[in-house]
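Coordinates from input_7.txt are shown below (compact mmCIF, C-alpha atoms).
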# COMPACT_ATOMS: atom_id res chain seq x y z
CA MET M 1 -102.72 63.42 164.61
CA ILE M 2 -100.79 60.17 165.06
CA LEU M 3 -103.90 58.22 164.45
CA ALA M 4 -104.97 60.28 161.51
CA GLU M 5 -101.72 59.28 159.86
CA HIS M 6 -102.21 55.71 160.80
CA ALA M 7 -105.72 55.81 159.50
CA ALA M 8 -104.38 57.14 156.23
CA GLY M 9 -102.03 54.15 156.30
CA PHE M 10 -104.90 51.71 156.73
CA LEU M 11 -106.87 53.27 153.95
CA ALA M 12 -103.93 53.08 151.61
CA ALA M 13 -103.79 49.36 152.14
CA GLU M 14 -106.02 48.14 149.43
CA LYS M 15 -104.19 44.84 149.62
CA ASN M 16 -101.72 43.64 152.20
CA PRO M 17 -98.65 42.36 150.39
CA ASN M 18 -96.11 40.21 152.17
CA PRO M 19 -94.03 42.61 154.29
CA LEU M 20 -90.96 40.43 153.65
CA LEU M 21 -91.01 41.24 149.95
CA PRO M 22 -89.04 44.41 149.22
CA ASP M 23 -90.57 47.15 147.19
CA ALA M 24 -88.63 47.92 144.00
CA ALA M 25 -88.78 51.71 144.36
CA GLU M 26 -87.64 51.47 147.96
CA LEU M 27 -84.74 49.24 146.99
CA ILE M 28 -83.58 51.76 144.42
CA PHE M 29 -84.10 54.88 146.52
CA GLY M 30 -82.66 53.18 149.58
CA THR M 31 -79.56 52.20 147.65
CA LEU M 32 -79.13 55.68 146.20
CA ALA M 33 -79.69 57.40 149.54
CA PHE M 34 -77.23 55.15 151.32
CA LEU M 35 -74.62 55.45 148.56
CA VAL M 36 -74.83 59.24 148.77
CA VAL M 37 -74.42 59.09 152.55
CA LEU M 38 -71.57 56.60 152.13
CA PHE M 39 -69.86 58.83 149.59
CA VAL M 40 -70.16 62.12 151.48
CA LEU M 41 -69.27 60.64 154.85
CA GLY M 42 -66.80 57.97 153.77
CA LYS M 43 -64.95 59.92 151.11
CA MET M 44 -65.09 63.45 152.48
CA LEU M 45 -66.02 63.88 156.10
CA ILE M 46 -64.64 60.87 157.95
CA PRO M 47 -61.14 61.13 156.43
CA ARG M 48 -61.11 64.75 157.61
CA ILE M 49 -61.97 63.94 161.19
CA GLN M 50 -59.56 61.01 161.15
CA GLN M 51 -56.80 63.32 160.01
CA THR M 52 -57.74 65.85 162.67
CA LEU M 53 -57.78 63.18 165.37
CA ALA M 54 -54.38 61.94 164.22
CA GLU M 55 -53.06 65.50 164.21
CA ARG M 56 -54.46 66.03 167.69
CA THR M 57 -52.74 62.88 168.91
CA ASP M 58 -49.53 64.10 167.32
CA ALA M 59 -49.95 67.53 168.87
CA ILE M 60 -50.55 66.08 172.31
CA GLU M 61 -47.70 63.62 172.03
CA GLY M 62 -45.47 66.34 170.57
CA GLY M 63 -46.48 68.68 173.38
CA LEU M 64 -45.69 66.07 176.01
CA LYS M 65 -42.36 65.36 174.35
CA ARG M 66 -41.51 69.03 174.17
CA ALA M 67 -42.45 69.49 177.81
CA GLU M 68 -40.21 66.57 178.73
CA GLU M 69 -37.38 68.02 176.73
CA ALA M 70 -37.85 71.40 178.35
CA GLN M 71 -37.78 69.78 181.76
CA ASP M 72 -34.59 67.91 180.94
CA GLU M 73 -33.06 71.13 179.69
CA ALA M 74 -34.11 72.96 182.84
CA GLN M 75 -32.64 70.19 184.96
CA LYS M 76 -29.39 70.36 183.06
CA VAL M 77 -29.19 74.14 183.41
CA LEU M 78 -29.98 73.87 187.11
CA GLU M 79 -27.16 71.40 187.61
CA GLN M 80 -24.86 73.63 185.63
CA TYR M 81 -25.80 76.59 187.81
CA LYS M 82 -25.29 74.61 190.97
CA GLU M 83 -21.90 73.54 189.74
CA GLN M 84 -21.00 77.10 188.83
CA LEU M 85 -22.24 78.33 192.16
CA ALA M 86 -20.15 75.78 194.03
CA GLU M 87 -17.17 76.75 191.92
CA ALA M 88 -17.78 80.43 192.60
CA ARG M 89 -18.03 79.77 196.34
CA HIS M 90 -14.83 77.83 196.23
CA GLU M 91 -13.15 80.58 194.28
CA ALA M 92 -14.40 83.21 196.72
CA ALA M 93 -13.06 81.21 199.67
CA ARG M 94 -9.74 80.87 197.91
CA LEU M 95 -9.62 84.60 197.17
CA ARG M 96 -10.48 85.45 200.75
CA GLU M 97 -7.71 83.23 202.01
CA GLU M 98 -5.29 84.75 199.57
CA ALA M 99 -6.33 88.27 200.54
CA ARG M 100 -5.88 87.47 204.19
CA GLU M 101 -2.41 86.15 203.54
CA GLN M 102 -1.57 89.15 201.43
CA GLY M 103 -2.91 91.48 204.10
CA ALA M 104 -0.83 89.83 206.77
CA GLN M 105 2.20 90.07 204.56
CA ILE M 106 1.53 93.73 203.82
CA ILE M 107 1.12 94.51 207.51
CA ALA M 108 4.37 92.74 208.29
CA GLU M 109 6.13 94.59 205.54
CA MET M 110 4.74 97.91 206.66
CA ARG M 111 5.71 97.24 210.21
CA GLU M 112 9.24 96.42 209.16
CA GLN M 113 9.44 99.54 207.04
CA ALA M 114 8.08 101.66 209.85
CA GLN M 115 10.57 100.21 212.24
CA ALA M 116 13.39 100.85 209.82
CA GLU M 117 12.19 104.40 209.34
CA ALA M 118 11.92 104.97 213.04
CA GLN M 119 15.39 103.58 213.51
CA ARG M 120 16.64 105.88 210.81
CA VAL M 121 14.99 108.92 212.40
CA ILE M 122 16.39 107.98 215.79
CA ASP M 123 19.84 107.49 214.36
CA GLN M 124 19.65 110.80 212.56
CA ALA M 125 18.54 112.52 215.75
CA HIS M 126 21.37 110.93 217.64
CA ALA M 127 23.85 112.08 215.05
CA GLN M 128 22.36 115.58 215.12
CA ILE M 129 22.51 115.70 218.88
CA GLU M 130 26.10 114.51 218.82
CA ALA M 131 26.96 117.12 216.24
CA ASP M 132 25.17 119.86 218.25
CA ARG M 133 26.90 118.74 221.40
CA GLN M 134 30.28 118.79 219.64
CA GLN M 135 29.61 122.24 218.28
CA ALA M 136 28.41 123.51 221.66
CA PHE M 137 31.39 122.01 223.32
CA THR M 138 33.76 123.59 220.85
CA ARG M 139 32.17 127.00 221.26
CA LEU M 140 31.96 126.65 224.96
CA ARG M 141 35.60 125.80 225.18
CA THR M 142 36.54 128.86 223.17
CA GLU M 143 34.26 131.07 225.23
CA ILE M 144 35.39 129.60 228.51
CA GLY M 145 39.00 130.31 227.50
CA GLU M 146 38.19 133.85 226.59
CA LEU M 147 36.20 134.32 229.74
CA ALA M 148 38.94 132.79 231.86
CA VAL M 149 41.53 135.09 230.28
CA ASP M 150 39.24 138.09 230.71
CA LEU M 151 38.55 137.23 234.31
CA ALA M 152 42.21 136.59 235.06
CA GLY M 153 43.18 139.94 233.46
CA ARG M 154 40.65 141.78 235.59
CA ILE M 155 41.71 140.05 238.70
CA VAL M 156 45.30 140.89 238.01
CA GLY M 157 44.51 144.50 236.94
CA GLU M 158 42.55 145.66 239.87
CA SER M 159 44.71 143.83 242.47
CA LEU M 160 43.52 142.37 245.49
CA GLU M 161 42.98 145.66 247.57
CA ASP M 162 40.23 144.69 249.67
CA GLU M 163 37.60 142.22 250.18
CA ALA M 164 34.88 144.63 249.13
CA ARG M 165 36.46 145.54 245.86
CA ARG M 166 37.19 141.98 245.05
CA ARG M 167 33.63 141.03 245.72
CA GLY M 168 32.55 143.99 243.57
CA THR M 169 34.69 142.86 240.70
CA VAL M 170 33.46 139.41 240.85
CA ASP M 171 29.86 140.63 240.99
CA ARG M 172 30.39 142.92 238.07
CA PHE M 173 31.88 140.11 236.07
CA LEU M 174 29.00 137.88 236.82
CA ASP M 175 26.55 140.63 235.92
CA GLN M 176 28.34 141.25 232.67
CA LEU M 177 28.26 137.53 232.07
CA GLU M 178 24.53 137.47 232.65
CA GLU M 179 23.97 140.45 230.43
CA ARG M 180 25.93 138.85 227.65
CA ALA M 181 23.97 135.70 228.04
CA GLY M 182 20.72 137.78 227.98
CA ALA M 183 21.85 139.62 224.87
CA GLU M 184 22.78 136.46 223.14
CA ALA M 185 19.47 134.78 223.99
CA MET V 1 -121.03 37.80 175.43
CA SER V 2 -118.36 38.60 177.98
CA ALA V 3 -117.55 42.15 179.02
CA PRO V 4 -114.24 42.54 177.11
CA HIS V 5 -115.94 41.47 173.92
CA VAL V 6 -118.69 44.02 174.35
CA LEU V 7 -116.16 46.68 175.25
CA ALA V 8 -114.01 46.02 172.20
CA LYS V 9 -116.80 45.30 169.79
CA ASP V 10 -115.92 48.16 167.45
CA PHE V 11 -112.21 48.21 168.17
CA GLN V 12 -110.06 47.41 165.19
CA ALA V 13 -106.41 46.59 165.99
CA PRO V 14 -103.84 48.01 163.54
CA GLY V 15 -102.32 45.43 161.25
CA LEU V 16 -100.10 45.18 158.19
CA GLY V 17 -101.90 48.15 156.75
CA LEU V 18 -99.68 50.27 159.00
CA PHE V 19 -96.82 49.63 156.64
CA GLU V 20 -98.56 50.29 153.32
CA TRP V 21 -98.53 53.85 152.11
CA LYS V 22 -100.33 55.57 149.31
CA PRO V 23 -97.90 56.84 146.66
CA LEU V 24 -97.33 60.57 147.04
CA PHE V 25 -95.98 61.06 143.54
CA HIS V 26 -94.22 59.15 140.82
CA ILE V 27 -90.69 59.36 139.52
CA GLY V 28 -90.60 57.51 136.27
CA PRO V 29 -92.06 54.07 136.88
CA PHE V 30 -91.53 54.32 140.65
CA ALA V 31 -94.19 55.25 143.15
CA VAL V 32 -92.72 57.40 145.88
CA ALA V 33 -94.49 56.95 149.22
CA LYS V 34 -93.76 58.12 152.75
CA PRO V 35 -91.02 55.55 153.54
CA ILE V 36 -88.92 56.73 150.60
CA VAL V 37 -89.41 60.37 151.57
CA LEU V 38 -88.31 59.53 155.11
CA CYS V 39 -85.35 57.57 153.79
CA LEU V 40 -84.18 60.60 151.79
CA LEU V 41 -84.77 62.78 154.83
CA VAL V 42 -82.58 60.41 156.87
CA ALA V 43 -79.83 60.74 154.27
CA ILE V 44 -80.10 64.54 154.44
CA ILE V 45 -80.05 64.56 158.26
CA VAL V 46 -77.06 62.25 158.49
CA ILE V 47 -75.10 64.17 155.88
CA GLY V 48 -76.16 67.50 157.41
CA PHE V 49 -75.08 66.53 160.89
CA PHE V 50 -71.72 65.16 159.87
CA TRP V 51 -71.17 68.07 157.54
CA ALA V 52 -71.75 70.47 160.42
CA ALA V 53 -69.45 68.40 162.60
CA PHE V 54 -66.57 67.42 160.33
CA ALA V 55 -66.54 69.76 157.30
CA LYS V 56 -63.91 71.97 158.89
CA PRO V 57 -62.53 69.97 161.79
CA GLN V 58 -60.47 71.83 164.38
CA LEU V 59 -57.69 70.47 166.56
CA VAL V 60 -59.58 71.90 169.51
CA PRO V 61 -63.19 70.85 168.83
CA ARG V 62 -66.17 73.19 169.19
CA GLY V 63 -69.92 72.61 169.15
CA PHE V 64 -71.09 70.01 166.65
CA GLN V 65 -67.60 68.66 166.23
CA ASN V 66 -67.62 67.55 169.88
CA VAL V 67 -70.86 65.64 169.35
CA GLY V 68 -69.61 64.22 166.06
CA GLU V 69 -66.40 63.06 167.68
CA VAL V 70 -68.27 61.35 170.50
CA ALA V 71 -70.42 59.57 167.88
CA TYR V 72 -67.39 58.65 165.79
CA MET V 73 -65.41 57.39 168.75
CA PHE V 74 -68.35 55.40 170.09
CA VAL V 75 -68.64 53.45 166.84
CA ARG V 76 -64.87 53.16 166.53
CA ASP V 77 -64.20 51.98 170.07
CA GLU V 78 -67.31 49.83 170.59
CA ILE V 79 -67.69 48.29 167.15
CA GLY V 80 -64.71 49.00 164.89
CA ARG V 81 -61.73 48.21 167.05
CA PRO V 82 -63.00 45.07 168.81
CA PHE V 83 -63.58 43.37 165.44
CA LEU V 84 -61.21 45.04 163.03
CA GLY V 85 -58.31 46.06 165.26
CA LYS V 86 -55.80 48.17 163.41
CA ASP V 87 -57.93 48.06 160.24
CA ALA V 88 -60.75 49.79 162.10
CA GLU V 89 -59.82 53.30 160.92
CA ARG V 90 -60.26 52.33 157.26
CA TRP V 91 -63.59 50.58 157.83
CA MET V 92 -65.00 53.44 159.87
CA ARG V 93 -65.79 54.99 156.49
CA LEU V 94 -68.36 52.26 156.03
CA LEU V 95 -69.41 51.61 159.63
CA ILE V 96 -70.24 55.23 160.48
CA PRO V 97 -72.63 55.67 157.53
CA VAL V 98 -74.21 52.27 158.27
CA PHE V 99 -74.72 52.99 161.97
CA PHE V 100 -76.18 56.45 161.51
CA PHE V 101 -78.26 55.60 158.46
CA VAL V 102 -79.84 52.75 160.39
CA TRP V 103 -80.18 54.57 163.70
CA ILE V 104 -81.69 57.79 162.32
CA GLY V 105 -83.95 55.64 160.13
CA ASN V 106 -85.15 53.81 163.25
CA LEU V 107 -85.48 57.09 165.13
CA MET V 108 -88.01 58.31 162.56
CA SER V 109 -90.43 56.04 164.42
CA VAL V 110 -90.72 58.55 167.28
CA VAL V 111 -90.21 61.80 165.38
CA PRO V 112 -93.55 63.63 165.28
CA VAL V 113 -95.17 63.74 161.82
CA ALA V 114 -92.67 61.20 160.47
CA GLN V 115 -93.66 58.51 163.01
CA PHE V 116 -92.56 55.62 160.91
CA PRO V 117 -89.39 53.56 161.27
CA VAL V 118 -87.78 53.52 157.84
CA ASN V 119 -86.26 50.12 158.52
CA SER V 120 -89.63 48.52 159.10
CA ARG V 121 -89.76 48.34 155.32
CA ILE V 122 -87.62 45.30 154.43
CA ALA V 123 -86.12 46.96 151.34
CA PHE V 124 -83.93 49.36 153.35
CA PRO V 125 -82.30 46.83 155.70
CA ALA V 126 -81.98 44.49 152.70
CA VAL V 127 -80.01 47.06 150.72
CA LEU V 128 -77.57 47.56 153.58
CA ALA V 129 -77.27 43.85 154.35
CA LEU V 130 -76.66 43.08 150.68
CA LEU V 131 -73.99 45.77 150.45
CA ILE V 132 -72.23 44.34 153.48
CA TYR V 133 -72.59 40.80 152.13
CA LEU V 134 -70.94 41.88 148.87
CA THR V 135 -68.21 43.66 150.86
CA PHE V 136 -67.64 40.44 152.81
CA TRP V 137 -67.18 38.53 149.55
CA ALA V 138 -64.92 41.18 148.07
CA VAL V 139 -62.53 41.46 151.03
CA GLY V 140 -62.75 37.69 151.60
CA ILE V 141 -61.60 36.81 148.09
CA LYS V 142 -59.00 39.57 148.16
CA ASN V 143 -57.47 38.48 151.47
CA GLN V 144 -58.00 34.73 151.53
CA GLY V 145 -58.75 33.77 147.94
CA PHE V 146 -62.03 32.16 146.88
CA PHE V 147 -61.21 28.67 148.13
CA GLY V 148 -59.38 29.97 151.15
CA LEU V 149 -62.51 31.90 152.10
CA LEU V 150 -64.70 28.81 151.64
CA LYS V 151 -62.33 26.66 153.65
CA ASN V 152 -61.75 29.14 156.48
CA ALA V 153 -65.43 29.95 156.75
CA THR V 154 -66.70 26.36 156.77
CA MET V 155 -63.92 24.45 158.53
CA PRO V 156 -63.26 25.61 162.08
CA PRO V 157 -59.84 24.23 163.07
CA ASP V 158 -59.22 21.50 165.68
CA LEU V 159 -62.45 19.56 165.30
CA PRO V 160 -62.59 15.77 165.17
CA LYS V 161 -62.60 14.75 161.49
CA PRO V 162 -66.06 13.09 161.37
CA LEU V 163 -67.65 16.23 162.79
CA TYR V 164 -66.73 18.12 159.63
CA LEU V 165 -69.39 16.09 157.82
CA ILE V 166 -71.97 18.00 159.79
CA VAL V 167 -70.16 21.26 160.39
CA ILE V 168 -69.19 22.06 156.80
CA PRO V 169 -72.74 22.11 155.37
CA ILE V 170 -74.08 24.00 158.36
CA GLU V 171 -71.34 26.60 158.30
CA PHE V 172 -71.54 26.90 154.53
CA VAL V 173 -75.24 27.57 154.48
CA SER V 174 -75.13 29.78 157.55
CA THR V 175 -72.21 31.93 156.40
CA PHE V 176 -72.95 32.31 152.73
CA PHE V 177 -76.72 32.13 152.51
CA ILE V 178 -78.45 32.74 155.80
CA ARG V 179 -76.28 35.59 157.10
CA PRO V 180 -77.49 38.39 154.82
CA PHE V 181 -81.12 37.42 155.46
CA THR V 182 -80.82 37.25 159.22
CA HIS V 183 -78.82 40.46 159.11
CA ALA V 184 -81.60 42.31 157.31
CA VAL V 185 -84.58 40.55 158.89
CA ARG V 186 -83.35 41.07 162.47
CA LEU V 187 -83.44 44.83 162.01
CA PHE V 188 -86.60 44.81 159.94
CA ALA V 189 -88.56 42.59 162.35
CA ASN V 190 -87.60 44.59 165.41
CA MET V 191 -88.67 47.85 163.85
CA PHE V 192 -91.79 46.27 162.40
CA ALA V 193 -92.87 44.80 165.73
CA GLY V 194 -92.00 47.94 167.66
CA HIS V 195 -94.06 50.07 165.35
CA ILE V 196 -97.05 47.72 165.61
CA LEU V 197 -96.81 47.80 169.40
CA ILE V 198 -96.76 51.58 169.63
CA ALA V 199 -99.53 51.85 167.05
CA LEU V 200 -101.62 49.31 168.93
CA PHE V 201 -101.44 51.15 172.23
CA ALA V 202 -101.97 54.50 170.55
CA THR V 203 -105.00 53.11 168.74
CA VAL V 204 -106.37 51.71 172.00
CA ALA V 205 -105.98 55.13 173.61
CA PHE V 206 -107.59 56.89 170.67
CA HIS V 207 -110.45 54.45 170.44
CA PHE V 208 -111.38 54.38 174.11
CA LEU V 209 -110.70 58.02 174.99
CA TRP V 210 -111.99 59.67 171.82
CA GLU V 211 -113.85 57.54 169.33
CA LYS V 212 -115.97 55.60 171.80
CA VAL V 213 -115.78 56.87 175.34
CA THR V 214 -117.43 54.55 177.87
CA PRO V 215 -117.06 54.47 181.68
CA LEU V 216 -115.63 50.97 181.44
CA GLY V 217 -113.38 51.72 178.52
CA PHE V 218 -111.93 54.86 180.08
CA GLY V 219 -109.45 52.90 182.20
CA VAL V 220 -108.38 50.90 179.16
CA GLY V 221 -107.82 54.12 177.25
CA VAL V 222 -105.67 55.58 180.03
CA LEU V 223 -103.70 52.36 180.10
CA GLY V 224 -103.24 52.75 176.35
CA VAL V 225 -101.81 56.26 176.81
CA VAL V 226 -99.43 55.09 179.53
CA LEU V 227 -98.29 52.09 177.53
CA THR V 228 -97.83 54.20 174.41
CA ILE V 229 -95.45 56.41 176.35
CA VAL V 230 -93.68 53.46 177.95
CA MET V 231 -93.36 51.64 174.63
CA THR V 232 -92.06 54.76 172.93
CA ALA V 233 -89.29 55.02 175.52
CA PHE V 234 -88.58 51.32 175.13
CA GLU V 235 -88.53 51.72 171.35
CA LEU V 236 -85.95 54.52 171.65
CA PHE V 237 -83.73 52.02 173.41
CA ILE V 238 -84.45 49.20 170.91
CA GLN V 239 -83.79 51.52 167.97
CA ALA V 240 -80.31 52.31 169.24
CA VAL V 241 -79.61 48.68 170.17
CA GLN V 242 -80.68 47.45 166.74
CA ALA V 243 -78.54 50.02 164.97
CA TYR V 244 -75.65 48.95 167.19
CA VAL V 245 -76.24 45.25 166.53
CA PHE V 246 -76.64 45.78 162.79
CA THR V 247 -73.35 47.70 162.60
CA LEU V 248 -71.61 45.27 164.93
CA LEU V 249 -72.63 42.34 162.71
CA ALA V 250 -71.45 44.29 159.67
CA ALA V 251 -68.04 44.71 161.33
CA PHE V 252 -68.03 41.02 162.26
CA TYR V 253 -68.85 39.88 158.73
CA ILE V 254 -66.20 42.12 157.24
CA SER V 255 -63.66 40.83 159.76
CA ALA V 256 -64.59 37.29 158.68
CA GLY V 257 -63.63 38.31 155.16
CA LEU V 258 -60.43 40.05 156.25
CA TYR V 259 -58.98 37.47 158.60
CA SER V 260 -58.90 33.71 158.32
CA ASP V 261 -58.54 32.87 162.01
CA HIS V 262 -62.04 33.03 163.38
Before anything else, please render the file you have as structure tokens.
Amino acid sequence: MILAEHAAGFLAAEKNPNPLLPDAAELIFGTLAFLVVLFVLGKMLIPRIQQTLAERTDAIEGGLKRAEEAQDEAQKVLEQYKEQLAEARHEAARLREEAREQGAQIIAEMREQAQAEAQRVIDQAHAQIEADRQQAFTRLRTEIGELAVDLAGRIVGESLEDEARRRGTVDRFLDQLEERAGAEA
Amino acid sequence: MSAPHVLAKDFQAPGLGLFEWKPLFHIGPFAVAKPIVLCLLVAIIVIGFFWAAFAKPQLVPRGFQNVGEVAYMFVRDEIGRPFLGKDAERWMRLLIPVFFFVWIGNLMSVVPVAQFPVNSRIAFPAVLALLIYLTFWAVGIKNQGFFGLLKNATMPPDLPKPLYLIVIPIEFVSTFFIRPFTHAVRLFANMFAGHILIALFATVAFHFLWEKVTPLGFGVGVLGVVLTIVMTAFELFIQAVQAYVFTLLAAFYISAGLYSDH
């Protein structure tokens, strides 16, 4: 096949012109063919790929820049958070301290109040007891007077006949006294 | 008669005829032969590939765009930026078409059925070299002025005065006359020679393993097959190197027009 073509080549060579002399038709068709290639590639296709390559460079550079910016932003936010966190911790510590102080104060106050109340209750009780005692004393005095008069009357009325009667009178009086106490109770 | 002579009595090595093609059809006064067809095919392939890659470029590349970007960045970082610095982006619009037009043209040498390096026809490298030469003049006059360009190109600074007597003519001829020829011929000659080499070994293999099989010639034929394969691999490398060198020189010539301090 190769050689058949070559053979065709040999046969075509009726004469062997100088291979350094260009053929006119080849010059013209070569020029046209190259100019068409030059036009389509140079005017249409290469500018397109150049633009795309430039855009890609831009996109990559832009992407890197954006990533850097995002990282800076993240760093800034992180610092802000850390600062806020520290502040919050500080605040919490302060609040705790304050609460403790307040608590202590409240306890002290409550204790004082309770003591005052207790004192008041005790005082009141004392006063009540005093009043009760006074009242009891007053009544007792009255009753003792009455009883003494009653007893004296009986002793005088029945005379001092004998030992047995006297003892009986006294016993009766005491019984009556007990009964009265039982009735009153 | 010695043995090799007997062995190769009927063997005909391929010559310049390899590069002459019968016209396939005519367009107006012009005969269109295989090299022109391949040249147009190269244009279609290059445009097709870059269209697939860069017609709708995405920020996140997929498929062809990845390959296209690797190709673009190779030419930009290896050729554009070293010579043109911050102006590289602008000149990529010329350097990319030059590199791929040349490289795919060279690659046609090993593509089955095509099997002919487009740039082994002097007209195609000449067109590109001429275009770059004109670009050199245009940017040179624009950036340095006509006389500035002549002076900067022919008078390297800090040389002893008498030396300029020799340097100026040499630099003048080299920069303004020889450059475009060497630029074109370097590519042309490499592709030309590479194609002859591959064709020679392929012809050896064909001749000794098919056309005229002899016990003695069999080994030669096998050697031809092996060397055809080896040379094809080597050519793949040379094709890429020559495309690289051609584009690199283009960038260098343009930079000589753009900047005075060289």
Interface list for chain V, partner chain M, 7 Å threshold, all atoms listed in the file, as a PyMOL selection string: chain V and resi 16-22+30-31+36+39-40+43+47+50-51+54-55+57-59+93-94+97+122-124+127+203
Atom pair CA of Asn152 in chain V / CA of Ser260 in chain V: separation (Å):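 About the pair CA of Asn152 in chain V and CA of Ser260 in chain V: they are 5.7 Å apart.
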Is it possible to get the axis-aligned box enclosing range 116-127 of chain M (all listed atoms, 4 Å extra per side) as lines of an AutoDock Vina configuration file, with centre and edge lengths in Å rounded to one decimal?
center_x = 17.9
center_y = 106.7
center_z = 213.5
size_x = 19.9
size_y = 19.7
size_z = 16.3
Pairwise distance for CA of Ile141 in chain V and CA of Met155 in chain V, rounded to one decimal in Å: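 Going from CA of Ile141 in chain V over to CA of Met155 in chain V, I get 16.3 Å.
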List every residue of range 123-207 of chain V that has an atom at most 9 Å from any atom of range 231-235 of chain V, giving for each one its closest atom pair and the distance in Å to one decimal, counting only C-alpha atoms, sorted by chain and then by ascending residue number, as CSV.
residue,atom,partner,partner_atom,distance
V:Met191,CA,V:Glu235,CA,8.4
V:Gly194,CA,V:Glu235,CA,6.3
V:His195,CA,V:Glu235,CA,8.3
V:Leu197,CA,V:Met231,CA,7.3
V:Ile198,CA,V:Met231,CA,6.0
V:Phe201,CA,V:Met231,CA,8.4
Nearest to Val139 in chain V by atom-to-atom distance, counting all atoms listed in the file, from V:Phe252, V:Val173, V:Gly219, V:Tyr259: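 Distance minimum relative to Val139 in chain V lands on V:Tyr259.
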One-decimal distance in Å that lies between CA of Ala202 in chain V and CA of Val225 in chain V: 6.5 Å
Atoms added to range 127-144 of chain M (N, CA and C atoms), reported as a PDB file, in the frame of the given file:
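Output (selection28.pdb):
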ATOM      1  N   ALA M 127      22.700 111.466 215.730  1.00  0.00           N
ATOM      2  CA  ALA M 127      23.850 112.080 215.050  1.00  0.00           C
ATOM      3  C   ALA M 127      23.795 113.594 215.193  1.00  0.00           C
ATOM      4  N   GLN M 128      22.541 114.140 215.008  1.00  0.00           N
ATOM      5  CA  GLN M 128      22.360 115.580 215.120  1.00  0.00           C
ATOM      6  C   GLN M 128      22.745 116.054 216.522  1.00  0.00           C
ATOM      7  N   ILE M 129      22.236 115.329 217.483  1.00  0.00           N
ATOM      8  CA  ILE M 129      22.510 115.700 218.880  1.00  0.00           C
ATOM      9  C   ILE M 129      24.013 115.688 219.133  1.00  0.00           C
ATOM     10  N   GLU M 130      24.631 114.636 218.630  1.00  0.00           N
ATOM     11  CA  GLU M 130      26.100 114.510 218.820  1.00  0.00           C
ATOM     12  C   GLU M 130      26.831 115.706 218.209  1.00  0.00           C
ATOM     13  N   ALA M 131      26.329 116.008 216.954  1.00  0.00           N
ATOM     14  CA  ALA M 131      26.960 117.120 216.240  1.00  0.00           C
ATOM     15  C   ALA M 131      26.765 118.429 217.018  1.00  0.00           C
ATOM     16  N   ASP M 132      25.494 118.649 217.479  1.00  0.00           N
ATOM     17  CA  ASP M 132      25.170 119.860 218.250  1.00  0.00           C
ATOM     18  C   ASP M 132      26.045 119.923 219.499  1.00  0.00           C
ATOM     19  N   ARG M 133      26.119 118.786 220.164  1.00  0.00           N
ATOM     20  CA  ARG M 133      26.900 118.740 221.400  1.00  0.00           C
ATOM     21  C   ARG M 133      28.362 119.129 221.129  1.00  0.00           C
ATOM     22  N   GLN M 134      28.889 118.532 220.023  1.00  0.00           N
ATOM     23  CA  GLN M 134      30.280 118.790 219.640  1.00  0.00           C
ATOM     24  C   GLN M 134      30.493 120.274 219.397  1.00  0.00           C
ATOM     25  N   GLN M 135      29.511 120.812 218.637  1.00  0.00           N
ATOM     26  CA  GLN M 135      29.610 122.240 218.280  1.00  0.00           C
ATOM     27  C   GLN M 135      29.553 123.094 219.528  1.00  0.00           C
ATOM     28  N   ALA M 136      28.585 122.759 220.408  1.00  0.00           N
ATOM     29  CA  ALA M 136      28.410 123.510 221.660  1.00  0.00           C
ATOM     30  C   ALA M 136      29.671 123.407 222.500  1.00  0.00           C
ATOM     31  N   PHE M 137      30.181 122.212 222.527  1.00  0.00           N
ATOM     32  CA  PHE M 137      31.390 122.010 223.320  1.00  0.00           C
ATOM     33  C   PHE M 137      32.550 122.847 222.797  1.00  0.00           C
ATOM     34  N   THR M 138      32.685 122.830 221.477  1.00  0.00           N
ATOM     35  CA  THR M 138      33.760 123.590 220.850  1.00  0.00           C
ATOM     36  C   THR M 138      33.618 125.068 221.180  1.00  0.00           C
ATOM     37  N   ARG M 139      32.418 125.573 221.001  1.00  0.00           N
ATOM     38  CA  ARG M 139      32.170 127.000 221.260  1.00  0.00           C
ATOM     39  C   ARG M 139      32.362 127.322 222.730  1.00  0.00           C
ATOM     40  N   LEU M 140      31.852 126.435 223.527  1.00  0.00           N
ATOM     41  CA  LEU M 140      31.960 126.650 224.960  1.00  0.00           C
ATOM     42  C   LEU M 140      33.436 126.724 225.381  1.00  0.00           C
ATOM     43  N   ARG M 141      34.179 125.803 224.827  1.00  0.00           N
ATOM     44  CA  ARG M 141      35.600 125.800 225.180  1.00  0.00           C
ATOM     45  C   ARG M 141      36.259 127.130 224.810  1.00  0.00           C
ATOM     46  N   THR M 142      35.988 127.591 223.618  1.00  0.00           N
ATOM     47  CA  THR M 142      36.540 128.860 223.170  1.00  0.00           C
ATOM     48  C   THR M 142      36.135 129.973 224.123  1.00  0.00           C
ATOM     49  N   GLU M 143      34.794 129.999 224.378  1.00  0.00           N
ATOM     50  CA  GLU M 143      34.260 131.070 225.230  1.00  0.00           C
ATOM     51  C   GLU M 143      34.822 130.976 226.636  1.00  0.00           C
ATOM     52  N   ILE M 144      34.875 129.765 227.152  1.00  0.00           N
ATOM     53  CA  ILE M 144      35.390 129.600 228.510  1.00  0.00           C
ATOM     54  C   ILE M 144      36.836 130.105 228.566  1.00  0.00           C
TER      55      ILE M 144
END
